[in-house]
$ cat work_38.txt   # compact mmCIF, C-alpha atoms (C1' of nucleotides)
# COMPACT_ATOMS: atom_id res chain seq x y z
CA MET A 11 -51.18 -189.15 -65.70
CA LYS A 12 -48.99 -190.23 -62.81
CA THR A 13 -49.85 -193.76 -61.68
CA ILE A 14 -48.04 -195.22 -58.73
CA SER A 15 -45.68 -198.04 -59.62
CA ARG A 16 -45.55 -201.39 -57.90
CA LYS A 17 -42.27 -200.39 -56.31
CA GLU A 18 -43.92 -197.34 -54.78
CA GLU A 19 -46.69 -199.56 -53.43
CA ILE A 20 -44.11 -201.77 -51.76
CA ILE A 21 -42.40 -198.77 -50.20
CA ALA A 22 -45.72 -197.37 -49.01
CA THR A 23 -46.66 -200.69 -47.42
CA ALA A 24 -43.26 -201.06 -45.80
CA THR A 25 -43.43 -197.50 -44.50
CA ARG A 26 -46.65 -198.26 -42.69
CA LEU A 27 -45.34 -201.49 -41.20
CA PHE A 28 -42.03 -199.90 -40.15
CA TYR A 29 -44.06 -197.17 -38.48
CA GLU A 30 -45.98 -199.76 -36.47
CA LYS A 31 -43.21 -202.17 -35.48
CA GLY A 32 -39.81 -200.86 -36.59
CA TYR A 33 -37.51 -201.94 -39.41
CA THR A 34 -35.93 -205.04 -37.85
CA ALA A 35 -39.23 -206.37 -36.52
CA VAL A 36 -40.82 -206.36 -39.99
CA SER A 37 -39.88 -209.22 -42.32
CA MET A 38 -40.05 -209.32 -46.09
CA ARG A 39 -42.79 -211.92 -45.64
CA ASP A 40 -44.75 -209.44 -43.52
CA ILE A 41 -44.56 -206.84 -46.28
CA ALA A 42 -45.56 -209.39 -48.92
CA THR A 43 -48.46 -210.72 -46.87
CA ALA A 44 -49.79 -207.19 -46.40
CA MET A 45 -49.85 -206.90 -50.20
CA ASP A 46 -51.33 -210.37 -50.72
CA ILE A 47 -48.33 -211.71 -52.60
CA LYS A 48 -45.30 -213.90 -51.78
CA ALA A 49 -42.04 -212.51 -50.43
CA ALA A 50 -40.03 -213.58 -53.45
CA SER A 51 -42.25 -211.49 -55.70
CA LEU A 52 -41.04 -208.32 -54.02
CA TYR A 53 -37.66 -208.83 -55.64
CA ASN A 54 -39.08 -208.22 -59.09
CA HIS A 55 -39.36 -204.59 -58.01
CA ILE A 56 -36.77 -203.87 -55.34
CA LYS A 57 -33.15 -204.83 -54.84
CA SER A 58 -33.17 -205.56 -51.11
CA LYS A 59 -34.83 -204.78 -47.80
CA GLN A 60 -32.06 -202.30 -47.21
CA GLU A 61 -33.01 -200.42 -50.38
CA ILE A 62 -36.54 -199.97 -49.08
CA LEU A 63 -35.27 -198.46 -45.83
CA SER A 64 -32.86 -196.17 -47.58
CA GLU A 65 -35.47 -194.88 -50.03
CA ILE A 66 -37.90 -194.14 -47.22
CA ILE A 67 -35.39 -192.29 -45.08
CA LEU A 68 -33.25 -190.44 -47.60
CA LYS A 69 -36.19 -189.05 -49.54
CA VAL A 70 -37.60 -187.31 -46.48
CA ALA A 71 -34.15 -186.35 -45.21
CA LYS A 72 -33.56 -184.50 -48.47
CA GLU A 73 -36.77 -182.55 -48.02
CA PHE A 74 -35.56 -181.39 -44.62
CA THR A 75 -32.14 -180.48 -45.97
CA ASP A 76 -33.49 -178.54 -48.93
CA GLY A 77 -36.05 -176.74 -46.81
CA MET A 78 -33.48 -175.78 -44.20
CA VAL A 79 -31.04 -174.47 -46.80
CA SER A 80 -33.72 -172.27 -48.31
CA VAL A 81 -34.68 -170.90 -44.87
CA VAL A 82 -31.15 -170.23 -43.69
CA THR A 83 -30.21 -168.26 -46.79
CA GLU A 84 -33.23 -165.98 -46.51
CA ASN A 85 -32.60 -162.36 -45.62
CA THR A 86 -34.91 -162.10 -42.60
CA SER A 87 -34.75 -161.97 -38.82
CA ALA A 88 -33.74 -165.02 -36.82
CA ILE A 89 -37.16 -165.30 -35.24
CA LYS A 90 -38.77 -165.31 -38.66
CA LYS A 91 -36.38 -168.09 -39.68
CA VAL A 92 -37.27 -170.15 -36.62
CA GLU A 93 -40.91 -169.74 -37.57
CA LYS A 94 -40.15 -170.96 -41.08
CA VAL A 95 -38.33 -174.01 -39.73
CA ILE A 96 -41.30 -174.87 -37.52
CA GLU A 97 -43.61 -174.58 -40.51
CA LEU A 98 -41.26 -176.73 -42.59
CA HIS A 99 -41.42 -179.51 -40.02
CA ILE A 100 -45.18 -179.34 -39.79
CA ASP A 101 -45.58 -179.53 -43.57
CA ILE A 102 -43.30 -182.54 -43.86
CA THR A 103 -44.97 -184.22 -40.89
CA VAL A 104 -48.41 -183.79 -42.40
CA ASN A 105 -47.30 -185.27 -45.71
CA HIS A 106 -45.01 -188.07 -44.53
CA SER A 107 -45.90 -188.84 -40.94
CA GLU A 108 -45.23 -192.58 -41.19
CA ALA A 109 -41.87 -192.21 -42.93
CA LEU A 110 -40.71 -190.09 -40.01
CA ALA A 111 -40.85 -193.11 -37.73
CA ALA A 112 -38.18 -194.84 -39.82
CA LEU A 113 -36.16 -191.64 -40.06
CA ASN A 114 -36.20 -191.14 -36.30
CA ASN A 115 -35.88 -194.71 -35.07
CA ASP A 116 -34.27 -196.83 -37.79
CA TRP A 117 -31.64 -194.63 -39.39
CA MET A 118 -28.93 -196.59 -37.60
CA HIS A 119 -29.84 -199.63 -39.69
CA LEU A 120 -28.79 -197.87 -42.87
CA GLU A 121 -25.53 -199.16 -44.30
CA GLU A 122 -22.29 -197.65 -45.56
CA GLU A 123 -22.73 -194.65 -47.90
CA ASP A 124 -26.40 -194.30 -47.03
CA LEU A 125 -25.61 -194.20 -43.34
CA GLU A 126 -22.82 -191.71 -43.86
CA ALA A 127 -24.98 -189.52 -46.08
CA PHE A 128 -27.78 -189.51 -43.54
CA VAL A 129 -25.57 -188.67 -40.58
CA LYS A 130 -23.98 -185.84 -42.54
CA MET A 131 -27.36 -184.42 -43.53
CA ARG A 132 -28.51 -184.57 -39.96
CA GLU A 133 -25.42 -182.84 -38.62
CA ASP A 134 -25.62 -180.12 -41.25
CA TYR A 135 -29.26 -179.59 -40.46
CA GLU A 136 -28.58 -179.16 -36.75
CA GLU A 137 -25.65 -176.88 -37.46
CA ASN A 138 -27.80 -174.63 -39.63
CA PHE A 139 -30.41 -174.43 -36.90
CA ARG A 140 -27.66 -173.60 -34.40
CA ILE A 141 -26.48 -170.76 -36.64
CA ILE A 142 -29.98 -169.31 -36.77
CA ILE A 143 -30.28 -169.39 -32.98
CA LYS A 144 -26.88 -167.76 -32.47
CA GLN A 145 -27.76 -165.11 -35.03
CA GLY A 146 -30.89 -164.41 -33.00
CA MET A 147 -28.93 -164.13 -29.77
CA ASP A 148 -26.38 -161.77 -31.31
CA ALA A 149 -29.20 -159.60 -32.61
CA GLY A 150 -30.87 -159.63 -29.18
CA GLU A 151 -33.99 -161.27 -30.57
CA ILE A 152 -33.50 -164.50 -28.63
CA LYS A 153 -32.69 -164.82 -24.92
CA SER A 154 -29.16 -165.98 -24.13
CA TYR A 155 -29.77 -169.36 -22.58
CA HIS A 156 -27.45 -172.22 -23.40
CA PRO A 157 -28.02 -172.44 -27.20
CA GLU A 158 -28.07 -176.24 -27.15
CA VAL A 159 -30.99 -176.24 -24.73
CA ILE A 160 -33.02 -174.05 -27.05
CA LEU A 161 -31.96 -176.00 -30.12
CA PHE A 162 -32.98 -179.36 -28.74
CA SER A 163 -36.10 -178.18 -27.01
CA ILE A 164 -37.52 -176.99 -30.29
CA LEU A 165 -36.08 -179.80 -32.39
CA SER A 166 -37.31 -182.54 -30.06
CA THR A 167 -40.83 -181.27 -30.26
CA LEU A 168 -40.72 -180.96 -34.02
CA ARG A 169 -39.13 -184.36 -34.52
CA THR A 170 -41.77 -186.23 -32.53
CA LEU A 171 -44.71 -184.34 -33.91
CA TYR A 172 -45.45 -187.32 -36.14
CA LEU A 173 -46.27 -189.40 -33.05
CA TRP A 174 -49.30 -187.41 -32.04
CA TYR A 175 -50.37 -185.60 -35.20
CA GLN A 176 -52.07 -188.78 -36.38
CA LYS A 177 -54.09 -189.71 -33.34
CA ARG A 178 -55.10 -186.23 -32.20
CA GLY A 179 -57.77 -185.88 -34.84
CA LYS A 180 -55.62 -184.23 -37.49
CA VAL A 181 -56.09 -180.66 -36.30
CA ASP A 182 -56.09 -178.02 -39.06
CA VAL A 183 -52.57 -177.40 -40.33
CA ASN A 184 -52.72 -173.62 -40.17
CA ILE A 185 -54.02 -173.56 -36.61
CA LEU A 186 -51.36 -176.09 -35.67
CA LYS A 187 -48.64 -173.91 -37.18
CA LYS A 188 -49.89 -170.83 -35.39
CA ASP A 189 -50.12 -172.53 -32.00
CA MET A 190 -46.79 -174.34 -32.33
CA VAL A 191 -45.01 -171.13 -33.27
CA SER A 192 -46.52 -169.39 -30.26
CA VAL A 193 -45.81 -172.14 -27.76
CA LEU A 194 -42.27 -172.83 -28.93
CA ILE A 195 -41.22 -169.20 -29.26
CA LYS A 196 -43.24 -167.27 -26.71
CA GLY A 197 -43.65 -169.97 -24.06
CA ILE A 198 -46.73 -170.90 -22.15
CA VAL A 199 -46.99 -168.24 -19.42
CA MET B 20 -23.23 -204.22 1.09
CA LYS B 21 -25.27 -204.25 -2.10
CA THR B 22 -23.56 -206.33 -4.79
CA ILE B 23 -25.12 -206.47 -8.22
CA SER B 24 -26.42 -209.87 -9.21
CA ARG B 25 -25.65 -211.63 -12.46
CA LYS B 26 -29.21 -210.98 -13.58
CA GLU B 27 -28.72 -207.26 -13.07
CA GLU B 28 -25.52 -207.43 -15.11
CA ILE B 29 -27.42 -209.06 -17.96
CA ILE B 30 -30.09 -206.38 -17.83
CA ALA B 31 -27.48 -203.63 -17.74
CA THR B 32 -25.70 -205.08 -20.77
CA ALA B 33 -28.95 -205.54 -22.65
CA THR B 34 -30.01 -201.99 -21.81
CA ARG B 35 -26.86 -200.63 -23.41
CA LEU B 36 -27.24 -202.76 -26.53
CA PHE B 37 -30.95 -201.97 -26.89
CA TYR B 38 -30.03 -198.30 -26.63
CA GLU B 39 -27.59 -198.67 -29.51
CA LYS B 40 -29.55 -200.87 -31.91
CA GLY B 41 -33.06 -201.46 -30.62
CA TYR B 42 -34.66 -204.54 -29.05
CA THR B 43 -35.33 -206.61 -32.18
CA ALA B 44 -31.90 -205.94 -33.68
CA VAL B 45 -30.10 -207.32 -30.61
CA SER B 46 -29.88 -211.10 -30.28
CA MET B 47 -29.37 -213.16 -27.15
CA ARG B 48 -26.00 -214.11 -28.64
CA ASP B 49 -25.12 -210.42 -28.89
CA ILE B 50 -25.88 -209.93 -25.21
CA ALA B 51 -23.93 -213.04 -24.26
CA THR B 52 -20.91 -212.10 -26.39
CA ALA B 53 -20.80 -208.68 -24.75
CA MET B 54 -20.52 -210.48 -21.40
CA ASP B 55 -18.01 -213.04 -22.65
CA ILE B 56 -20.27 -216.00 -22.11
CA LYS B 57 -22.52 -218.20 -24.27
CA ALA B 58 -26.14 -217.39 -25.04
CA ALA B 59 -27.48 -220.48 -23.30
CA SER B 60 -25.84 -219.39 -20.04
CA LEU B 61 -28.08 -216.36 -19.89
CA TYR B 62 -31.01 -218.66 -19.16
CA ASN B 63 -29.59 -219.59 -15.78
CA HIS B 64 -30.52 -216.07 -14.72
CA ILE B 65 -33.43 -214.88 -16.82
CA LYS B 66 -36.60 -216.47 -18.14
CA SER B 67 -36.66 -215.03 -21.64
CA LYS B 68 -35.60 -212.13 -23.83
CA GLN B 69 -39.03 -210.71 -23.26
CA GLU B 70 -38.47 -210.65 -19.51
CA ILE B 71 -35.36 -208.51 -20.00
CA LEU B 72 -37.31 -205.96 -22.02
CA SER B 73 -40.16 -205.86 -19.57
CA GLU B 74 -37.87 -205.37 -16.56
CA ILE B 75 -36.04 -202.52 -18.29
CA ILE B 76 -39.18 -200.69 -19.34
CA LEU B 77 -41.55 -201.25 -16.44
CA LYS B 78 -39.02 -200.31 -13.77
CA VAL B 79 -38.50 -196.85 -15.27
CA ALA B 80 -42.18 -196.47 -16.15
CA LYS B 81 -43.01 -196.97 -12.47
CA GLU B 82 -40.61 -194.21 -11.50
CA PHE B 83 -42.42 -191.85 -13.84
CA THR B 84 -45.82 -192.90 -12.54
CA ASP B 85 -44.88 -192.55 -8.87
CA GLY B 86 -43.20 -189.22 -9.46
CA MET B 87 -46.16 -187.83 -11.37
CA VAL B 88 -48.64 -188.97 -8.72
CA SER B 89 -46.66 -187.23 -6.02
CA VAL B 90 -46.47 -184.01 -8.06
CA VAL B 91 -50.12 -183.94 -9.04
CA THR B 92 -51.33 -184.33 -5.45
CA GLU B 93 -49.20 -181.46 -4.18
CA ASN B 94 -50.99 -178.34 -3.04
CA THR B 95 -49.18 -175.80 -5.20
CA SER B 96 -49.70 -173.72 -8.32
CA ALA B 97 -49.92 -175.35 -11.73
CA ILE B 98 -46.72 -173.68 -12.89
CA LYS B 99 -44.88 -175.02 -9.86
CA LYS B 100 -46.19 -178.49 -10.73
CA VAL B 101 -44.99 -178.19 -14.31
CA GLU B 102 -41.58 -177.26 -12.95
CA LYS B 103 -41.61 -180.34 -10.74
CA VAL B 104 -42.52 -182.56 -13.68
CA ILE B 105 -39.64 -181.14 -15.71
CA GLU B 106 -37.27 -181.82 -12.83
CA LEU B 107 -38.65 -185.34 -12.46
CA HIS B 108 -37.87 -186.08 -16.10
CA ILE B 109 -34.38 -184.68 -15.84
CA ASP B 110 -33.62 -186.74 -12.72
CA ILE B 111 -34.81 -189.96 -14.33
CA THR B 112 -32.97 -189.17 -17.57
CA VAL B 113 -29.71 -188.59 -15.73
CA ASN B 114 -30.02 -191.88 -13.87
CA HIS B 115 -31.43 -194.14 -16.59
CA SER B 116 -30.66 -192.53 -19.92
CA GLU B 117 -30.13 -195.80 -21.78
CA ALA B 118 -33.26 -197.48 -20.46
CA LEU B 119 -35.28 -194.61 -21.88
CA ALA B 120 -34.41 -195.70 -25.41
CA ALA B 121 -36.22 -199.00 -24.83
CA LEU B 122 -39.11 -197.24 -23.11
CA ASN B 123 -39.56 -194.81 -25.99
CA ASN B 124 -38.86 -197.05 -28.97
CA ASP B 125 -39.48 -200.67 -27.98
CA TRP B 126 -42.50 -200.62 -25.70
CA MET B 127 -44.63 -202.03 -28.53
CA HIS B 128 -42.63 -205.26 -28.33
CA LEU B 129 -43.88 -205.90 -24.81
CA GLU B 130 -46.45 -208.69 -24.64
CA GLU B 131 -49.88 -209.17 -23.08
CA GLU B 132 -50.17 -207.94 -19.47
CA ASP B 133 -46.89 -206.08 -19.65
CA LEU B 134 -48.00 -204.24 -22.76
CA GLU B 135 -51.37 -203.43 -21.25
CA ALA B 136 -49.79 -202.24 -18.01
CA PHE B 137 -47.38 -200.02 -19.85
CA VAL B 138 -50.00 -198.44 -22.09
CA LYS B 139 -52.20 -197.76 -19.08
CA MET B 140 -49.35 -196.14 -17.15
CA ARG B 141 -48.52 -193.99 -20.12
CA GLU B 142 -52.12 -192.86 -20.61
CA ASP B 143 -52.53 -192.09 -16.91
CA TYR B 144 -49.31 -190.12 -16.95
CA GLU B 145 -50.44 -188.00 -19.87
CA GLU B 146 -53.85 -187.48 -18.34
CA ASN B 147 -52.31 -186.22 -15.10
CA PHE B 148 -50.14 -183.80 -17.04
CA ARG B 149 -53.22 -182.65 -18.95
CA ILE B 150 -55.02 -181.98 -15.67
CA ILE B 151 -52.14 -179.84 -14.44
CA ILE B 152 -52.18 -177.77 -17.62
CA LYS B 153 -55.93 -177.26 -17.49
CA GLN B 154 -55.70 -176.27 -13.85
CA GLY B 155 -53.12 -173.68 -14.90
CA MET B 156 -55.38 -172.33 -17.63
CA ASP B 157 -58.37 -172.08 -15.31
CA ALA B 158 -56.26 -170.18 -12.79
CA GLY B 159 -54.97 -167.87 -15.52
CA GLU B 160 -51.36 -168.95 -14.95
CA ILE B 161 -51.01 -170.61 -18.34
CA LYS B 162 -52.04 -169.12 -21.70
CA SER B 163 -55.09 -170.67 -23.32
CA TYR B 164 -53.60 -172.33 -26.37
CA HIS B 165 -54.85 -175.73 -27.43
CA PRO B 166 -53.91 -177.77 -24.31
CA GLU B 167 -52.68 -180.70 -26.41
CA VAL B 168 -50.14 -178.49 -28.15
CA ILE B 169 -48.68 -177.41 -24.83
CA LEU B 170 -48.81 -180.91 -23.41
CA PHE B 171 -46.95 -182.50 -26.27
CA SER B 172 -44.49 -179.69 -26.80
CA ILE B 173 -43.21 -180.08 -23.28
CA LEU B 174 -43.53 -183.85 -23.15
CA SER B 175 -41.73 -184.37 -26.47
CA THR B 176 -38.76 -182.40 -25.29
CA LEU B 177 -38.62 -184.21 -21.98
CA ARG B 178 -39.02 -187.63 -23.54
CA THR B 179 -36.15 -187.23 -25.96
CA LEU B 180 -33.82 -185.57 -23.51
CA TYR B 181 -31.97 -188.89 -23.18
CA LEU B 182 -30.84 -188.60 -26.79
CA TRP B 183 -28.69 -185.56 -26.30
CA TYR B 184 -27.95 -185.53 -22.57
CA GLN B 185 -25.26 -188.14 -23.14
CA LYS B 186 -23.34 -186.62 -26.02
CA ARG B 187 -23.57 -182.96 -24.99
CA GLY B 188 -20.88 -183.29 -22.32
CA LYS B 189 -23.20 -184.10 -19.41
CA VAL B 190 -23.93 -180.52 -18.40
CA ASP B 191 -24.51 -179.94 -14.68
CA VAL B 192 -27.93 -181.19 -13.64
CA ASN B 193 -28.97 -178.08 -11.72
CA ILE B 194 -28.06 -175.74 -14.55
CA LEU B 195 -29.89 -178.02 -16.95
CA LYS B 196 -33.01 -177.95 -14.78
CA LYS B 197 -32.93 -174.18 -14.52
CA ASP B 198 -32.49 -173.64 -18.27
CA MET B 199 -35.06 -176.25 -19.27
CA VAL B 200 -37.65 -174.77 -16.93
CA SER B 201 -37.02 -171.32 -18.38
CA VAL B 202 -37.07 -172.38 -22.02
CA LEU B 203 -40.11 -174.62 -21.73
CA ILE B 204 -42.19 -172.27 -19.61
CA LYS B 205 -41.11 -168.78 -20.53
CA GLY B 206 -40.12 -169.34 -24.17
CA ILE B 207 -37.10 -168.10 -25.99
CA VAL B 208 -37.91 -164.47 -26.82
C1' DA C 6 -15.13 -235.37 3.05
C1' DA C 7 -19.65 -235.02 1.20
C1' DT C 8 -23.19 -232.12 -0.39
C1' DT C 9 -25.35 -228.35 -2.44
C1' DC C 10 -25.33 -224.11 -5.14
C1' DT C 11 -23.92 -221.15 -8.78
C1' DA C 12 -22.86 -220.42 -13.22
C1' DA C 13 -20.82 -221.77 -16.90
C1' DC C 14 -20.57 -225.17 -20.91
C1' DT C 15 -21.80 -228.16 -25.53
C1' DA C 16 -25.14 -229.61 -28.65
C1' DA C 17 -29.16 -229.30 -30.69
C1' DC C 18 -34.16 -227.99 -31.97
C1' DA C 19 -37.75 -225.90 -34.86
C1' DA C 20 -38.85 -221.72 -36.83
C1' DG C 21 -37.93 -217.71 -39.23
C1' DC C 22 -34.75 -214.75 -41.88
C1' DG C 23 -33.24 -212.35 -46.57
C1' DT C 24 -32.47 -213.77 -50.87
C1' DT C 25 -31.81 -216.45 -55.46
C1' DA C 26 -33.06 -219.43 -59.44
C1' DG C 27 -36.07 -220.98 -62.43
C1' DT C 28 -40.89 -221.24 -63.97
C1' DT C 29 -45.67 -219.97 -64.85
C1' DT C 30 -49.43 -216.83 -65.22
C1' DT C 31 -51.42 -212.46 -66.76
C1' DG C 32 -52.23 -208.58 -69.58
C1' DT C 33 -50.74 -205.68 -73.51
C1' DT C 34 -48.95 -204.78 -77.99
C1' DA C 35 -47.58 -206.09 -82.93
C1' DT D 20 -53.03 -214.87 -82.84
C1' DA D 21 -48.34 -214.74 -81.75
C1' DA D 22 -44.86 -212.38 -79.17
C1' DC D 23 -43.42 -209.84 -75.36
C1' DA D 24 -43.01 -207.82 -70.92
C1' DA D 25 -44.60 -207.50 -66.23
C1' DA D 26 -45.37 -209.67 -62.15
C1' DA D 27 -46.58 -213.35 -59.92
C1' DC D 28 -45.36 -218.21 -58.45
C1' DT D 29 -42.73 -222.64 -56.15
C1' DA D 30 -38.78 -224.38 -54.08
C1' DA D 31 -34.87 -223.96 -51.95
C1' DC D 32 -30.31 -222.01 -49.99
C1' DG D 33 -27.43 -220.93 -45.95
C1' DC D 34 -27.78 -218.44 -41.85
C1' DT D 35 -29.62 -216.64 -37.56
C1' DT D 36 -33.15 -216.65 -34.13
C1' DG D 37 -34.83 -217.79 -29.12
C1' DT D 38 -34.77 -221.51 -26.40
C1' DT D 39 -34.18 -226.32 -24.12
C1' DA D 40 -31.74 -230.40 -22.31
C1' DG D 41 -28.20 -232.32 -20.19
C1' DT D 42 -23.56 -231.86 -18.29
C1' DT D 43 -19.47 -230.03 -15.92
C1' DA D 44 -16.36 -227.09 -13.10
C1' DG D 45 -15.57 -224.56 -9.04
C1' DA D 46 -16.94 -222.44 -4.60
C1' DA D 47 -19.52 -222.43 -0.35
C1' DT D 48 -21.74 -224.95 3.20
C1' DT D 49 -22.60 -229.02 6.09

$ encode --input "work_38.txt" --output "structure tokens"
Amino acid sequence: MKTISRKEEIIATATRLFYEKGYTAVSMRDIATAMDIKAASLYNHIKSKQEILSEIILKVAKEFTDGMVSVVTENTSAIKKVEKVIELHIDITVNHSEALAALNNDWMHLEEEDLEAFVKMREDYEENFRIIIKQGMDAGEIKSYHPEVILFSILSTLRTLYLWYQKRGKVDVNILKKDMVSVLIKGIV
Amino acid sequence: MKTISRKEEIIATATRLFYEKGYTAVSMRDIATAMDIKAASLYNHIKSKQEILSEIILKVAKEFTDGMVSVVTENTSAIKKVEKVIELHIDITVNHSEALAALNNDWMHLEEEDLEAFVKMREDYEENFRIIIKQGMDAGEIKSYHPEVILFSILSTLRTLYLWYQKRGKVDVNILKKDMVSVLIKGIV
DNA sequence: AATTCTAACTAACAAGCGTTAGTTTTGTTA
DNA sequence: TAACAAAACTAACGCTTGTTAGTTAGAATT
């Protein structure tokens, strides 16, 4: 039986508060108050505020990295790979929507090795996506626009999905995947 | 001859720092140091830190609102209007890329009337975009996916354009407009 | 030459920050 | 019931925060 530890409760609470106000605007006292304890008590379970941020961000970042690696090494068409990447983002968004706020907006407040690790993961991720798009252009599956425009059009939409997935009535995941794939790949006309 | 006032210099400096680290992570002493003066001297020119944030955000928000109103009242096809909206975003991004960081990430730190005004402008903007898309669906110009998926796919890309316009070698604005319109409207296949 | 304006300065404030040390309460196991 | 571990507590630390008050130096205007 997997019970959730006190540390995980702290991280969950912090994730929600960071989502609402951002890392620097949330104090340790804010997190403690939300849990009905005193700030000092948090330190029985975590090492520092920085550790909370790094656990939130790096855990999700690893999911992206692992997912992307498994997609990029598949032996399928580029378009199929793009579809898989879209589905990967939707799955992670559905499961960790609040953590994505910290990942998108507060990664620059990571320190030293954590910051370096994150930046590297992000660059590798983008590079893998770029490779997929170029593969698709070489194969004639994808139109030859400026690859960066395609890359960031799709990636921007996927990265900010967390902002409206929550409030728009949590539409069914499979319908969402189908529509997103259509809109992002086939356009709207 | 239009010289820039000391107040405008403060806002320009703050805009750059907010872009790099976010509103709450930048102190008045940070802003002052970047201008080679003391923090207290800033208050000869501005009322509060909050005033700086609100000037940065609301000025750009008004540009979006005005631009959208002028597009939505045009007597053209829905697709043409979507094109105009894309071009509007690109123009504003090119001219105010750093201010868009505050608008996107720090609007929740606005207070009272400023916060209310911003939220209202943002909702109205989205609603106008929604109307354009529905008009396009009714006229058979735009495919009948879930309108929200189309709305936020396009809007997400446009809203985060500021993040990569800067580092990707400032590609020519007209080429950027042409490619973005193609990718966002006609898709990538 | 006297006045006003602009824009900087020093010094300080009350409040909040992340964090540590040491102690007490609570619940479980021997 | 005694011992132990988990998790809370109080109190305080040094530092940073946004901001105010009062003053001064130099430039522009009268």

$ residues_around --input "work_38.txt" --residues "DG45 of chain D" --least-positions-apart "2" --cutoff "10 Å" --atoms "only C-alpha atoms (C1' of nucleotides)" --output "list of chain:residue names"
C:DT11, C:DA12, C:DA13, D:DT43, D:DA47

$ write_last_selection --input "work_38.txt" --atoms "C-alpha atoms (C1' of nucleotides)" --output "CSV table (one decimal), in the frame of the given file"
chain,number,residue,atom,x,y,z
C,11,DT,C1',-23.9,-221.2,-8.8
C,12,DA,C1',-22.9,-220.4,-13.2
C,13,DA,C1',-20.8,-221.8,-16.9
D,43,DT,C1',-19.5,-230.0,-15.9
D,47,DA,C1',-19.5,-222.4,-0.4

$ closest_atom_pairs --input "work_38.txt" --of "chain A" --to "chain D" --cutoff "9 Å" --atoms "only C-alpha atoms (C1' of nucleotides)" --output "JSON lines"
{"residue": "A:Ile47", "atom": "CA", "partner": "D:DA27", "partner_atom": "C1'", "distance": 7.7}
{"residue": "A:Lys48", "atom": "CA", "partner": "D:DC28", "partner_atom": "C1'", "distance": 7.9}
{"residue": "A:Ala50", "atom": "CA", "partner": "D:DC28", "partner_atom": "C1'", "distance": 8.7}
{"residue": "A:Ser51", "atom": "CA", "partner": "D:DA27", "partner_atom": "C1'", "distance": 6.3}
{"residue": "A:Asn54", "atom": "CA", "partner": "D:DA26", "partner_atom": "C1'", "distance": 7.1}
{"residue": "A:His55", "atom": "CA", "partner": "D:DA26", "partner_atom": "C1'", "distance": 8.9}

$ interface_residues --input "work_38.txt" --of "chain B" --to "chain A" --cutoff "6 Å" --atoms "all atoms listed in the file" --output "ChimeraX atom specification"
/B:43-44,161-162,172,175-176,204-208

$ closest_residue --input "work_38.txt" --among "C:DT29, C:DT24, C:DT34, C:DT15" --to "chain B" --atoms "all atoms listed in the file"
C:DT15

$ closest_residue --input "work_38.txt" --among "C:DG27, C:DT33, C:DG21, C:DC10" --to "chain A" --atoms "only C-alpha atoms (C1' of nucleotides)"
C:DG21

$ atom_distance --input "work_38.txt" --atom1 "atom CA of Ile151 of chain B" --atom2 "atom CA of Lys99 of chain B"
9.8 Å

$ atom_distance --input "work_38.txt" --atom1 "atom CA of Asp40 of chain A" --atom2 "atom CA of Ile21 of chain A"
12.8 Å

$ interface_residues --input "work_38.txt" --of "chain C" --to "chain A" --cutoff "9 Å" --atoms "all atoms listed in the file" --output "list in words"
DC22, DG23, DT24 and DT25 of chain C

$ atom_distance --input "work_38.txt" --atom1 "atom CA of Asn193 of chain B" --atom2 "atom CA of Ile150 of chain B"
26.6 Å

$ residues_near_point --input "work_38.txt" --point "(-47.2, -177.8, -36.9)" --cutoff "7 Å" --atoms "only C-alpha atoms (C1' of nucleotides)" --output "list of chain:residue names"
A:Ile96, A:Glu97, A:His99, A:Ile100, A:Val183, A:Leu186, A:Lys187, A:Met190

$ residues_around --input "work_38.txt" --residues "Thr112 of chain B" --least-positions-apart "6" --cutoff "8 Å" --atoms "only C-alpha atoms (C1' of nucleotides)" --output "count of residues only"
4

$ axis_aligned_box --input "work_38.txt" --around "segment 25-43 of chain D" --padding-each-side "5 Å" --output "lines of an AutoDock Vina configuration file"
center_x = -33.0
center_y = -219.9
center_z = -41.1
size_x = 37.1
size_y = 34.8
size_z = 60.3
